[in-house]
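Novice: My structure file input_11.cif, mmCIF, C-alpha atoms, is below:
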```cif
data_work
loop_
_atom_site.group_PDB
_atom_site.id
_atom_site.type_symbol
_atom_site.label_atom_id
_atom_site.label_comp_id
_atom_site.auth_asym_id
_atom_site.auth_seq_id
_atom_site.Cartn_x
_atom_site.Cartn_y
_atom_site.Cartn_z
ATOM 1 C CA MET A 924 103.103 100.772 103.278
ATOM 2 C CA SER A 925 104.261 104.087 101.891
ATOM 3 C CA PHE A 926 107.724 105.402 102.798
ATOM 4 C CA ASP A 927 109.687 108.543 102.110
ATOM 5 C CA LYS A 928 112.830 107.512 100.210
ATOM 6 C CA ASN A 929 114.786 110.242 102.009
ATOM 7 C CA GLU A 930 114.116 108.758 105.465
ATOM 8 C CA PHE A 931 116.156 105.591 104.912
ATOM 9 C CA ASP A 932 117.655 103.403 102.219
ATOM 10 C CA VAL A 933 114.527 101.585 101.068
ATOM 11 C CA TYR A 934 116.357 99.229 98.706
ATOM 12 C CA SER A 935 118.907 97.894 101.173
ATOM 13 C CA SER A 936 116.259 97.705 103.913
ATOM 14 C CA VAL A 937 113.953 95.657 101.678
ATOM 15 C CA GLU A 938 116.823 93.407 100.605
ATOM 16 C CA SER A 939 117.914 92.878 104.208
ATOM 17 C CA PHE A 940 114.365 92.175 105.396
ATOM 18 C CA ASN A 941 113.744 89.690 102.590
ATOM 19 C CA LYS A 942 116.915 87.769 103.446
ATOM 20 C CA LYS A 943 116.088 87.629 107.153
ATOM 21 C CA ALA A 944 112.364 86.943 106.783
ATOM 22 C CA TYR A 945 112.610 84.315 104.046
ATOM 23 C CA ALA A 946 112.446 81.421 106.518
ATOM 24 C CA LYS A 947 109.192 82.842 107.961
ATOM 25 C CA GLY A 948 107.641 83.076 104.495
ATOM 26 C CA LEU A 949 107.511 86.874 104.651
ATOM 27 C CA LYS A 950 108.568 89.176 101.862
ATOM 28 C CA ILE A 951 108.460 92.844 100.922
ATOM 29 C CA LYS A 952 107.938 93.893 97.313
ATOM 30 C CA ILE A 953 108.386 97.425 96.046
ATOM 31 C CA LEU A 954 105.222 98.134 94.093
ATOM 32 C CA CYS A 955 106.084 101.602 92.822
ATOM 33 C CA GLU A 956 108.033 104.768 93.316
ATOM 34 C CA CYS A 957 106.315 108.087 92.972
ATOM 35 C CA GLY A 958 108.521 111.138 93.451
ATOM 36 C CA GLN A 959 110.087 110.829 96.897
ATOM 37 C CA ARG A 960 107.878 107.926 98.028
ATOM 38 C CA CYS A 961 107.940 104.151 97.672
ATOM 39 C CA LEU A 962 104.893 101.924 97.989
ATOM 40 C CA LEU A 963 105.818 98.598 99.591
ATOM 41 C CA MET A 964 103.802 95.458 100.148
ATOM 42 C CA LEU A 965 104.665 93.132 103.029
ATOM 43 C CA TYR A 966 103.108 89.714 102.565
ATOM 44 C CA ASN A 967 103.206 86.075 103.544
ATOM 45 C CA LYS A 968 103.799 84.161 100.333
ATOM 46 C CA GLN A 969 101.693 81.104 101.270
ATOM 47 C CA LEU A 970 98.751 83.184 102.452
ATOM 48 C CA LEU A 971 98.854 85.327 99.322
ATOM 49 C CA GLN A 972 99.049 82.236 97.104
ATOM 50 C CA ARG A 973 95.933 80.876 98.813
ATOM 51 C CA LEU A 974 94.101 84.180 98.375
ATOM 52 C CA LEU A 975 94.970 84.349 94.695
ATOM 53 C CA GLN A 976 93.805 80.772 94.086
ATOM 54 C CA ASP A 977 90.254 81.739 95.032
ATOM 55 C CA ALA A 978 88.097 81.592 91.882
ATOM 56 C CA SER A 979 86.134 84.787 92.599
ATOM 57 C CA ARG A 980 89.356 86.736 93.214
ATOM 58 C CA ARG A 981 90.970 85.409 90.038
ATOM 59 C CA GLN A 982 87.869 86.196 88.015
ATOM 60 C CA LEU A 983 87.947 89.789 89.261
ATOM 61 C CA LEU A 984 91.678 90.132 88.558
ATOM 62 C CA GLU A 985 91.261 88.835 84.999
ATOM 63 C CA LYS A 986 89.271 92.000 84.211
ATOM 64 C CA TRP A 987 92.485 93.984 84.737
ATOM 65 C CA GLY A 988 94.825 91.827 82.713
ATOM 66 C CA TYR A 989 95.945 89.295 85.286
ATOM 67 C CA GLY A 990 96.147 86.027 83.380
ATOM 68 C CA ARG A 991 94.353 82.957 84.669
ATOM 69 C CA ASP A 992 97.635 81.007 84.709
ATOM 70 C CA MET A 993 99.769 83.681 86.399
ATOM 71 C CA ASP A 994 101.551 82.616 89.573
ATOM 72 C CA THR A 995 101.748 84.821 92.658
ATOM 73 C CA GLU A 996 104.961 86.579 91.603
ATOM 74 C CA GLN A 997 103.596 87.304 88.134
ATOM 75 C CA CYS A 998 100.428 88.738 89.667
ATOM 76 C CA LEU A 999 102.513 90.958 91.962
ATOM 77 C CA ASP A 1000 104.609 92.088 88.998
ATOM 78 C CA THR A 1001 101.427 93.005 87.125
ATOM 79 C CA LEU A 1002 100.146 94.888 90.173
ATOM 80 C CA ALA A 1003 103.464 96.761 90.384
ATOM 81 C CA LYS A 1004 103.227 97.736 86.696
ATOM 82 C CA ARG A 1005 99.676 98.963 87.223
ATOM 83 C CA CYS A 1006 100.766 100.950 90.296
ATOM 84 C CA SER A 1007 103.515 102.614 88.267
ATOM 85 C CA GLY A 1008 101.343 103.205 85.205
ATOM 86 C CA THR A 1009 99.332 106.234 84.206
ATOM 87 C CA GLY A 1010 95.887 104.614 84.415
ATOM 88 C CA GLY A 1011 95.228 105.711 87.993
ATOM 89 C CA PHE A 1012 95.647 103.743 91.175
ATOM 90 C CA PRO A 1013 94.805 100.027 90.763
ATOM 91 C CA HIS A 1014 92.012 99.507 93.280
ATOM 92 C CA GLU A 1015 92.141 95.770 92.675
ATOM 93 C CA ILE A 1016 94.984 95.914 95.201
ATOM 94 C CA GLY A 1017 92.228 95.113 97.715
ATOM 95 C CA VAL A 1018 92.180 91.572 96.308
ATOM 96 C CA PHE A 1019 95.869 91.199 97.269
ATOM 97 C CA LEU A 1020 95.244 92.696 100.705
ATOM 98 C CA GLY A 1021 92.553 90.130 101.461
ATOM 99 C CA TYR A 1022 89.574 92.490 101.344
ATOM 100 C CA PRO A 1023 86.279 90.747 100.572
ATOM 101 C CA VAL A 1024 85.691 90.579 96.817
ATOM 102 C CA GLU A 1025 82.254 92.177 97.244
ATOM 103 C CA ASP A 1026 83.896 95.207 98.867
ATOM 104 C CA VAL A 1027 86.560 95.535 96.165
ATOM 105 C CA LYS A 1028 83.882 95.336 93.462
ATOM 106 C CA GLY A 1029 81.688 97.801 95.355
ATOM 107 C CA PHE A 1030 84.501 100.318 95.770
ATOM 108 C CA ILE A 1031 85.348 100.204 92.071
ATOM 109 C CA LEU A 1032 81.706 100.282 90.919
ATOM 110 C CA HIS A 1033 80.660 103.120 93.257
ATOM 111 C CA LYS A 1034 83.985 104.992 92.995
ATOM 112 C CA GLY A 1035 84.403 104.974 96.774
ATOM 113 C CA CYS A 1036 80.937 106.383 97.524
ATOM 114 C CA GLY A 1037 77.814 104.801 99.026
ATOM 115 C CA PHE A 1038 79.610 102.424 101.395
ATOM 116 C CA LYS A 1039 78.027 100.906 104.525
ATOM 117 C CA LEU A 1040 81.085 101.260 106.748
ATOM 118 C CA CYS A 1041 84.548 102.778 106.486
ATOM 119 C CA GLY A 1042 87.413 101.269 108.458
ATOM 120 C CA TYR A 1043 90.544 99.646 107.106
ATOM 121 C CA TRP A 1044 88.679 99.578 103.785
ATOM 122 C CA LYS A 1045 85.259 100.710 102.586
ATOM 123 C CA VAL A 1046 82.616 98.057 103.158
ATOM 124 C CA TYR A 1047 79.872 97.400 100.619
ATOM 125 C CA GLY A 1048 79.032 93.841 101.679
ATOM 126 C CA ASP A 1049 78.953 92.099 105.064
ATOM 127 C CA GLU A 1050 79.187 94.896 107.615
ATOM 128 C CA LYS A 1051 79.110 92.553 110.636
ATOM 129 C CA GLN A 1052 82.049 90.482 109.356
ATOM 130 C CA ALA A 1053 83.988 93.645 108.495
ATOM 131 C CA ARG A 1054 83.500 95.060 112.016
ATOM 132 C CA SER A 1055 84.826 91.804 113.471
ATOM 133 C CA THR A 1056 87.866 91.903 111.186
ATOM 134 C CA PHE A 1057 88.516 95.585 111.977
ATOM 135 C CA LYS A 1058 88.553 94.739 115.707
ATOM 136 C CA LYS A 1059 91.129 92.020 115.082
ATOM 137 C CA TYR A 1060 93.249 94.446 113.042
ATOM 138 C CA ASP A 1061 92.997 97.035 115.828
ATOM 139 C CA LYS A 1062 94.188 94.441 118.368
ATOM 140 C CA CYS A 1063 97.180 93.501 116.179
ATOM 141 C CA ARG A 1064 98.021 97.154 115.598
ATOM 142 C CA ARG A 1065 97.933 97.906 119.351
ATOM 143 C CA TYR A 1066 100.166 94.905 120.035
ATOM 144 C CA LEU A 1067 102.686 95.995 117.394
ATOM 145 C CA CYS A 1068 102.700 99.617 118.556
ATOM 146 C CA ASN A 1069 103.104 98.565 122.205
ATOM 147 C CA LYS A 1070 106.065 96.325 121.328
ATOM 148 C CA LEU A 1071 107.673 99.076 119.261
ATOM 149 C CA GLY A 1072 107.088 101.444 122.182
ATOM 150 C CA GLU A 1073 108.922 98.990 124.441
ATOM 151 C CA GLY A 1074 111.962 99.359 122.193
ATOM 152 C CA LEU A 1075 111.677 96.135 120.207
ATOM 153 C CA ASP A 1076 112.307 96.248 116.477
ATOM 154 C CA LEU A 1077 110.222 94.571 113.785
ATOM 155 C CA TYR A 1078 112.576 91.587 113.599
ATOM 156 C CA GLN A 1079 112.241 90.925 117.330
ATOM 157 C CA ILE A 1080 108.454 91.309 117.264
ATOM 158 C CA LEU A 1081 108.108 88.903 114.316
ATOM 159 C CA ARG A 1082 110.730 86.580 115.856
ATOM 160 C CA ILE A 1083 112.998 86.830 112.835
ATOM 161 C CA SER A 1084 116.667 86.272 113.573
#
```
Any chance you could put this one into structure tokens?

Specialist:
Amino acid sequence: MSFDKNEFDVYSSVESFNKKAYAKGLKIKILCECGQRCLLMLYNKQLLQRLLQDASRRQLLEKWGYGRDMDTEQCLDTLAKRCSGTGGFPHEIGVFLGYPVEDVKGFILHKGCGFKLCGYWKVYGDEKQARSTFKKYDKCRRYLCNKLGEGLDLYQILRIS
């Protein structure tokens, strides 16, 4: 998620969310700050740990300096450094977001061109599976937007007290 730092106090909001959401296994990490914007990642620690234990994901991440023995927090710290660095945007972020490895590789190899389908990410592999996932994401997004429209806040929607 990208936020304008002038809209609200990002740091205290992140700190408050992390305290409240800890019991649900949710956390926000500030990946980088660029001018007036902050790039934040909201994640479920257990789900991310499982993703990052996948051999094909780890193998891909090793190409960008993520050590084989790094834990989840160390991998996120490395991602944050790469986001803040001068080497361009780290497109391996797709690995952390759960995108299929084939699609992350395809995006990097083809520099964002020649994809089969464009939705929540650019698809280079299994188009049918991606369409199914995009539909699920759309359903979740509609649910969240409807609940926000009803006046609920994120804590109420996620059942975080």

Novice: Just the number, please: distance in Å from CA of Leu975 (chain A) to CA of Lys1051 (chain A), one decimal.

Specialist: 23.9 Å

Novice: I'd like the residues picked by the PyMOL selection byres ((chain A and resi 1049) around 9) written out as a list in words, using the chain letters and numbers from the file.

Specialist: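 When the PyMOL selection byres ((chain A and resi 1049) around 9) is applied to the shown file, the picked residues are Pro1023, Glu1025, Asp1026, Lys1039, Val1046, Tyr1047, Gly1048, Glu1050, Lys1051, Gln1052, Ala1053 and Arg1054 of chain A.
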
Novice: Using all atoms listed in the file, which of the listed residues (A:Leu971, A:Ile1080, A:Leu949, A:Val937) sits closest to Gly1017 (chain A)?

Specialist: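 Checking each candidate against Gly1017 (chain A), we get A:Leu971 as the closest.
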
Novice: Using the chain letters and numbers from the file, which residues does the PyMOL selection byres ((chain A and resi 958) around 12) grab, as number ranges by chain?

Specialist: A: 925-929, 955-957, 959-962, 1007

Novice: Can those selected residues be exported to a file as a tab-separated table (two decimals), in the frame of the given file so that it contains C-alpha atoms?

Specialist:
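The resulting file, again.tsv, is reproduced below:
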```tsv
chain	number	residue	atom	x	y	z
A	925	SER	CA	104.26	104.09	101.89
A	926	PHE	CA	107.72	105.40	102.80
A	927	ASP	CA	109.69	108.54	102.11
A	928	LYS	CA	112.83	107.51	100.21
A	929	ASN	CA	114.79	110.24	102.01
A	955	CYS	CA	106.08	101.60	92.82
A	956	GLU	CA	108.03	104.77	93.32
A	957	CYS	CA	106.32	108.09	92.97
A	959	GLN	CA	110.09	110.83	96.90
A	960	ARG	CA	107.88	107.93	98.03
A	961	CYS	CA	107.94	104.15	97.67
A	962	LEU	CA	104.89	101.92	97.99
A	1007	SER	CA	103.52	102.61	88.27
```

Novice: What does the distance between CA of Pro1013 (chain A) and CA of Lys943 (chain A) come to in Å, to one decimal place?

Specialist: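 It comes out at 29.6 Å.
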
Novice: Go ahead and find all residues with at least one atom no further than 10 Å from (105.0, 87.0, 100.7) in the file's coordinates, using only C-alpha atoms; report them as a list of chain:residue names.

Specialist: A:Asn941, A:Ala944, A:Tyr945, A:Lys947, A:Gly948, A:Leu949, A:Lys950, A:Ile951, A:Lys952, A:Met964, A:Leu965, A:Tyr966, A:Asn967, A:Lys968, A:Gln969, A:Leu970, A:Leu971, A:Gln972, A:Thr995, A:Glu996, A:Leu999

Novice: What is the distance between CA of Cys1068 (chain A) and CA of Val933 (chain A), in Å to one decimal?

Specialist: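 One can read the CA of Cys1068 (chain A) to CA of Val933 (chain A) distance as 21.2 Å.
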
Novice: Enumerate, in order of chain and increasing residue number, the residues of region 1002-1046 of chain A with an atom no farther than 12 Å from region 984-987 of chain A, each with its shortest atom pair and distance in Å to one decimal, counting only C-alpha atoms, as a tab-separated table.

Specialist:
```
residue	atom	partner	partner_atom	distance
A:Leu1002	CA	A:Trp987	CA	9.4
A:Lys1004	CA	A:Trp987	CA	11.5
A:Arg1005	CA	A:Trp987	CA	9.1
A:Gly1010	CA	A:Trp987	CA	11.2
A:Pro1013	CA	A:Trp987	CA	8.8
A:His1014	CA	A:Trp987	CA	10.2
A:Glu1015	CA	A:Leu984	CA	7.0
A:Ile1016	CA	A:Leu984	CA	9.4
A:Gly1017	CA	A:Leu984	CA	10.4
A:Val1018	CA	A:Leu984	CA	7.9
A:Phe1019	CA	A:Leu984	CA	9.7
A:Val1024	CA	A:Leu984	CA	10.2
A:Val1027	CA	A:Leu984	CA	10.6
A:Lys1028	CA	A:Leu984	CA	10.6
A:Ile1031	CA	A:Trp987	CA	12.0
```

Novice: Identify which of the residues A:Leu974, A:Cys1063, A:Leu1075, A:Cys1041 lies closest to Gly1021 (chain A), counting all atoms listed in the file when measuring atom-to-atom distances.

Specialist: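 Checking each of A:Leu974, A:Cys1063, A:Leu1075, A:Cys1041 against Gly1021 (chain A), counting all atoms listed in the file, the winner is A:Leu974.
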
Novice: Could you check which of A:Leu1040, A:Leu954, A:Lys1045, A:Tyr1022 is closest to Ala1003 (chain A), using only C-alpha atoms?

Specialist: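 Going through A:Leu1040, A:Leu954, A:Lys1045, A:Tyr1022 one by one, the smallest distance to Ala1003 (chain A) is for A:Leu954.
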
Novice: Taking the file as shown, what set of residues would the PyMOL selection byres ((chain A and resi 991) around 12) give back, as a PDB file with C-alpha atoms, in the coordinates of the input?

Specialist:
```pdb
ATOM      1  CA  LEU A 975      94.970  84.349  94.695  1.00  0.00           C
ATOM      2  CA  GLN A 976      93.805  80.772  94.086  1.00  0.00           C
ATOM      3  CA  ASP A 977      90.254  81.739  95.032  1.00  0.00           C
ATOM      4  CA  ALA A 978      88.097  81.592  91.882  1.00  0.00           C
ATOM      5  CA  SER A 979      86.134  84.787  92.599  1.00  0.00           C
ATOM      6  CA  ARG A 980      89.356  86.736  93.214  1.00  0.00           C
ATOM      7  CA  ARG A 981      90.970  85.409  90.038  1.00  0.00           C
ATOM      8  CA  GLN A 982      87.869  86.196  88.015  1.00  0.00           C
ATOM      9  CA  LEU A 983      87.947  89.789  89.261  1.00  0.00           C
ATOM     10  CA  LEU A 984      91.678  90.132  88.558  1.00  0.00           C
ATOM     11  CA  GLU A 985      91.261  88.835  84.999  1.00  0.00           C
ATOM     12  CA  LYS A 986      89.271  92.000  84.211  1.00  0.00           C
ATOM     13  CA  TRP A 987      92.485  93.984  84.737  1.00  0.00           C
ATOM     14  CA  GLY A 988      94.825  91.827  82.713  1.00  0.00           C
ATOM     15  CA  TYR A 989      95.945  89.295  85.286  1.00  0.00           C
ATOM     16  CA  GLY A 990      96.147  86.027  83.380  1.00  0.00           C
ATOM     17  CA  ASP A 992      97.635  81.007  84.709  1.00  0.00           C
ATOM     18  CA  MET A 993      99.769  83.681  86.399  1.00  0.00           C
ATOM     19  CA  ASP A 994     101.551  82.616  89.573  1.00  0.00           C
ATOM     20  CA  THR A 995     101.748  84.821  92.658  1.00  0.00           C
ATOM     21  CA  GLN A 997     103.596  87.304  88.134  1.00  0.00           C
ATOM     22  CA  CYS A 998     100.428  88.738  89.667  1.00  0.00           C
TER      23      CYS A 998
END
```

Novice: So, counting all atoms listed in the file, which residue among A:Tyr1043, A:Ser936, A:Gly1029, A:Leu963 is closest to Cys1006 (chain A)?

Specialist: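 Closest residue, counting all atoms listed in the file: A:Leu963.
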
Novice: Tell me which of A:Leu1020, A:Lys1034, A:Met924, A:Ile1083 sits closest to Arg973 (chain A), counting only C-alpha atoms.

Specialist: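 Answer, going by the shortest atom-to-atom distance: A:Leu1020.
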
Novice: Assuming the input is short of atoms at region 1007-1031 of chain A, produce N, CA, C and O atoms for that part as a CSV table (one decimal), in the coordinates of the input.

Specialist:
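What follows is the written file out.csv:
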```csv
chain,number,residue,atom,x,y,z
A,1007,SER,N,102.6,101.7,88.9
A,1007,SER,CA,103.5,102.6,88.3
A,1007,SER,C,103.0,103.2,87.0
A,1007,SER,O,103.6,104.2,86.5
A,1008,GLY,N,101.9,102.7,86.5
A,1008,GLY,CA,101.3,103.2,85.2
A,1008,GLY,C,100.6,104.5,85.3
A,1008,GLY,O,100.5,105.1,86.4
A,1009,THR,N,100.0,104.9,84.2
A,1009,THR,CA,99.3,106.2,84.2
A,1009,THR,C,97.8,106.1,84.2
A,1009,THR,O,97.1,107.0,84.1
A,1010,GLY,N,97.3,104.8,84.4
A,1010,GLY,CA,95.9,104.6,84.4
A,1010,GLY,C,95.2,104.9,85.7
A,1010,GLY,O,94.0,104.4,85.9
A,1011,GLY,N,95.8,105.5,86.7
A,1011,GLY,CA,95.2,105.7,88.0
A,1011,GLY,C,95.6,104.6,88.9
A,1011,GLY,O,96.1,103.6,88.5
A,1012,PHE,N,95.3,104.8,90.2
A,1012,PHE,CA,95.6,103.7,91.2
A,1012,PHE,C,94.8,102.5,90.9
A,1012,PHE,O,93.6,102.5,90.8
A,1013,PRO,N,95.5,101.3,91.0
A,1013,PRO,CA,94.8,100.0,90.8
A,1013,PRO,C,94.1,99.5,92.0
A,1013,PRO,O,94.6,98.9,92.9
A,1014,HIS,N,92.8,99.8,92.1
A,1014,HIS,CA,92.0,99.5,93.3
A,1014,HIS,C,91.8,98.0,93.5
A,1014,HIS,O,91.4,97.6,94.6
A,1015,GLU,N,92.2,97.2,92.5
A,1015,GLU,CA,92.1,95.8,92.7
A,1015,GLU,C,93.2,95.3,93.7
A,1015,GLU,O,93.2,94.2,94.1
A,1016,ILE,N,94.0,96.2,94.2
A,1016,ILE,CA,95.0,95.9,95.2
A,1016,ILE,C,94.3,95.3,96.4
A,1016,ILE,O,94.9,94.5,97.2
A,1017,GLY,N,93.0,95.7,96.6
A,1017,GLY,CA,92.2,95.1,97.7
A,1017,GLY,C,92.1,93.6,97.7
A,1017,GLY,O,92.1,92.9,98.7
A,1018,VAL,N,92.2,93.0,96.5
A,1018,VAL,CA,92.2,91.6,96.3
A,1018,VAL,C,93.4,91.0,96.9
A,1018,VAL,O,93.4,90.0,97.7
A,1019,PHE,N,94.6,91.7,96.7
A,1019,PHE,CA,95.9,91.2,97.3
A,1019,PHE,C,95.9,91.4,98.8
A,1019,PHE,O,96.7,90.7,99.5
A,1020,LEU,N,95.2,92.4,99.3
A,1020,LEU,CA,95.2,92.7,100.7
A,1020,LEU,C,94.2,91.9,101.5
A,1020,LEU,O,94.1,92.0,102.7
A,1021,GLY,N,93.5,91.0,100.8
A,1021,GLY,CA,92.6,90.1,101.5
A,1021,GLY,C,91.2,90.7,101.7
A,1021,GLY,O,90.4,90.2,102.5
A,1022,TYR,N,90.9,91.9,101.2
A,1022,TYR,CA,89.6,92.5,101.3
A,1022,TYR,C,88.5,91.6,100.7
A,1022,TYR,O,88.8,90.9,99.7
A,1023,PRO,N,87.3,91.5,101.2
A,1023,PRO,CA,86.3,90.7,100.6
A,1023,PRO,C,86.1,91.2,99.1
A,1023,PRO,O,86.0,92.4,98.9
A,1024,VAL,N,85.9,90.3,98.2
A,1024,VAL,CA,85.7,90.6,96.8
A,1024,VAL,C,84.5,91.5,96.6
A,1024,VAL,O,84.6,92.5,95.8
A,1025,GLU,N,83.4,91.3,97.4
A,1025,GLU,CA,82.3,92.2,97.2
A,1025,GLU,C,82.6,93.6,97.6
A,1025,GLU,O,82.1,94.6,96.9
A,1026,ASP,N,83.5,93.8,98.5
A,1026,ASP,CA,83.9,95.2,98.9
A,1026,ASP,C,84.8,95.8,97.8
A,1026,ASP,O,84.7,97.0,97.5
A,1027,VAL,N,85.7,95.0,97.2
A,1027,VAL,CA,86.6,95.5,96.2
A,1027,VAL,C,85.7,95.9,95.0
A,1027,VAL,O,85.9,97.0,94.4
A,1028,LYS,N,84.8,95.0,94.6
A,1028,LYS,CA,83.9,95.3,93.5
A,1028,LYS,C,83.1,96.6,93.8
A,1028,LYS,O,82.9,97.5,92.9
A,1029,GLY,N,82.5,96.7,95.0
A,1029,GLY,CA,81.7,97.8,95.4
A,1029,GLY,C,82.4,99.1,95.3
A,1029,GLY,O,81.9,100.1,94.8
A,1030,PHE,N,83.7,99.1,95.8
A,1030,PHE,CA,84.5,100.3,95.8
A,1030,PHE,C,84.7,100.8,94.3
A,1030,PHE,O,84.6,102.0,94.0
A,1031,ILE,N,85.1,99.8,93.5
A,1031,ILE,CA,85.3,100.2,92.1
A,1031,ILE,C,84.1,100.7,91.4
A,1031,ILE,O,84.1,101.7,90.7
```
